[in-house]
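> I'd like to ask you about the structure that follows.
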Amino acid sequence: GDISDQGEPLLPLVELTDLSAGYDFDMQASAPVISYRDVTATRTVQGQQMAVIEFYTPLFKEDTPTLLHIRKQSDGSILTTISLEDFIRDNHITLSVATEVVIPKLVEYKGVAVSVSLPQWEQKPVGPRL
């Protein structure tokens with residue numbers, strides 16, 4: 001539980017590190033490495049209230065150095081860190097043939113333990129949107 005100075009509950013802050021800011025015409029990383037960071041929003045998912053966030057990032061490979069940090073909003077301290085490379089490998093996710101992929105992660109805090117899992121996920125071809 002994270003609480004503001006006024007005693008209000010605060011939602012977690014999520015950060016994705018080490019992502020390229022852009023690519024050139026040969027799909028080579030051409031810009032500096034950046035991080036995405038935002039505060040989660042409460043949403044009802046499968047009948048449960050959850051803190052949810054979505055990032056739309058440039059493509060990356062399975063061996064990405066990207067880390068996902070879940071932080072307290074009040075002081076920025078890290079609660080959990082997840083390696084995307086490990087998560088992709090452990091859940092047998094293939095990125096090499098895709099042009100767009102959604103990788104959901106369900107992070108549950110259960111007492112003093114943290115559980116990270118893949119919630120009801122399957123690969124689906126994605127077509128261009130107009």
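Starting from 1 in every chain, residues are counted up; chains themselves are A, B, ... following the order of the structure tokens, and ligands are numbered from 1 as listed.
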For region 29-44 of chain A, please output as a list in words all residues within 8 Å (counting only C-alpha atoms; exclusion window: fewer than 4 positions along the same chain).
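Using only C-alpha atoms, the neighbours found are Leu11, Pro12, Leu13, Val14, Glu15, Leu16, Thr17, Asp18, Leu19, Ser20, Ala21, Gly22, Tyr23, Asp24, Gln48, Gln49, Met50, Ala51, Val52, Ile53, Phe55 and Gln73 of chain A.
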> Would you list the contacts of Leu84 (chain A) as a list in words, taking every protein, DNA or RNA residue within 8 Å and counting only C-alpha atoms, but skipping same-chain residues closer than 2 positions in sequence?
Thr64, Pro65, Thr66, Leu67, Leu68, Ile82, Asp86, Phe87 and Ile88 of chain A
> Those same residues, written as an mmCIF file, in the first residue's frame with all heavy atoms?

data_model
loop_
_atom_site.group_PDB
_atom_site.id
_atom_site.type_symbol
_atom_site.label_atom_id
_atom_site.label_comp_id
_atom_site.auth_asym_id
_atom_site.auth_seq_id
_atom_site.Cartn_x
_atom_site.Cartn_y
_atom_site.Cartn_z
ATOM 1 N N THR A 64 16.075 -8.531 -25.429
ATOM 2 C CA THR A 64 16.072 -7.128 -25.022
ATOM 3 C C THR A 64 16.604 -6.936 -23.598
ATOM 4 O O THR A 64 16.331 -7.759 -22.719
ATOM 5 C CB THR A 64 14.642 -6.544 -25.114
ATOM 6 O OG1 THR A 64 14.678 -5.175 -24.710
ATOM 7 C CG2 THR A 64 13.659 -7.289 -24.228
ATOM 8 N N PRO A 65 17.343 -5.859 -23.358
ATOM 9 C CA PRO A 65 17.782 -5.574 -21.983
ATOM 10 C C PRO A 65 16.713 -4.833 -21.171
ATOM 11 O O PRO A 65 16.938 -4.453 -20.033
ATOM 12 C CB PRO A 65 19.001 -4.666 -22.204
ATOM 13 C CG PRO A 65 18.684 -3.938 -23.469
ATOM 14 C CD PRO A 65 17.942 -4.934 -24.333
ATOM 15 N N THR A 66 15.540 -4.652 -21.759
ATOM 16 C CA THR A 66 14.467 -3.877 -21.126
ATOM 17 C C THR A 66 14.030 -4.488 -19.802
ATOM 18 O O THR A 66 13.810 -5.692 -19.697
ATOM 19 C CB THR A 66 13.254 -3.783 -22.073
ATOM 20 O OG1 THR A 66 13.659 -3.139 -23.277
ATOM 21 C CG2 THR A 66 12.124 -2.996 -21.449
ATOM 22 N N LEU A 67 13.916 -3.628 -18.808
ATOM 23 C CA LEU A 67 13.406 -4.027 -17.496
ATOM 24 C C LEU A 67 12.096 -3.299 -17.242
ATOM 25 O O LEU A 67 11.911 -2.151 -17.668
ATOM 26 C CB LEU A 67 14.397 -3.659 -16.391
ATOM 27 C CG LEU A 67 15.769 -4.322 -16.465
ATOM 28 C CD1 LEU A 67 16.682 -3.754 -15.391
ATOM 29 C CD2 LEU A 67 15.650 -5.824 -16.344
ATOM 30 N N LEU A 68 11.193 -3.950 -16.545
ATOM 31 C CA LEU A 68 9.955 -3.325 -16.116
ATOM 32 C C LEU A 68 10.070 -3.139 -14.609
ATOM 33 O O LEU A 68 10.247 -4.109 -13.880
ATOM 34 C CB LEU A 68 8.761 -4.222 -16.463
ATOM 35 C CG LEU A 68 7.402 -3.658 -16.098
ATOM 36 C CD1 LEU A 68 6.409 -3.978 -17.200
ATOM 37 C CD2 LEU A 68 6.914 -4.201 -14.785
ATOM 38 N N ILE A 82 11.071 -6.698 -13.311
ATOM 39 C CA ILE A 82 10.858 -7.848 -14.177
ATOM 40 C C ILE A 82 11.723 -7.668 -15.419
ATOM 41 O O ILE A 82 11.658 -6.630 -16.079
ATOM 42 C CB ILE A 82 9.377 -7.962 -14.591
ATOM 43 C CG1 ILE A 82 8.494 -8.088 -13.351
ATOM 44 C CG2 ILE A 82 9.158 -9.123 -15.560
ATOM 45 C CD1 ILE A 82 7.033 -7.788 -13.600
ATOM 46 N N ASP A 86 13.713 -12.368 -19.759
ATOM 47 C CA ASP A 86 13.366 -13.576 -19.002
ATOM 48 C C ASP A 86 11.892 -13.914 -19.156
ATOM 49 O O ASP A 86 11.516 -15.076 -19.334
ATOM 50 C CB ASP A 86 13.694 -13.410 -17.518
ATOM 51 C CG ASP A 86 15.180 -13.292 -17.252
ATOM 52 O OD1 ASP A 86 15.987 -13.596 -18.168
ATOM 53 O OD2 ASP A 86 15.543 -12.876 -16.137
ATOM 54 N N PHE A 87 11.028 -12.895 -19.097
ATOM 55 C CA PHE A 87 9.584 -13.109 -19.204
ATOM 56 C C PHE A 87 9.217 -13.677 -20.571
ATOM 57 O O PHE A 87 8.426 -14.608 -20.679
ATOM 58 C CB PHE A 87 8.842 -11.794 -18.946
ATOM 59 C CG PHE A 87 7.351 -11.964 -18.843
ATOM 60 C CD1 PHE A 87 6.773 -12.354 -17.651
ATOM 61 C CD2 PHE A 87 6.529 -11.732 -19.936
ATOM 62 C CE1 PHE A 87 5.396 -12.520 -17.544
ATOM 63 C CE2 PHE A 87 5.160 -11.886 -19.840
ATOM 64 C CZ PHE A 87 4.587 -12.281 -18.645
ATOM 65 N N ILE A 88 9.806 -13.131 -21.635
ATOM 66 C CA ILE A 88 9.556 -13.606 -23.002
ATOM 67 C C ILE A 88 10.022 -15.055 -23.145
ATOM 68 O O ILE A 88 9.305 -15.897 -23.684
ATOM 69 C CB ILE A 88 10.241 -12.673 -24.023
ATOM 70 C CG1 ILE A 88 9.519 -11.326 -24.056
ATOM 71 C CG2 ILE A 88 10.296 -13.303 -25.407
ATOM 72 C CD1 ILE A 88 10.280 -10.231 -24.780
#
> Please determine, counting only C-alpha atoms, which residue among A:Gln28, A:Gln6, A:Thr81, A:Asn91 has the shortest atom-to-atom distance to Leu59 (chain A).
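For Leu59 (chain A), the nearest of the candidates is A:Gln28.
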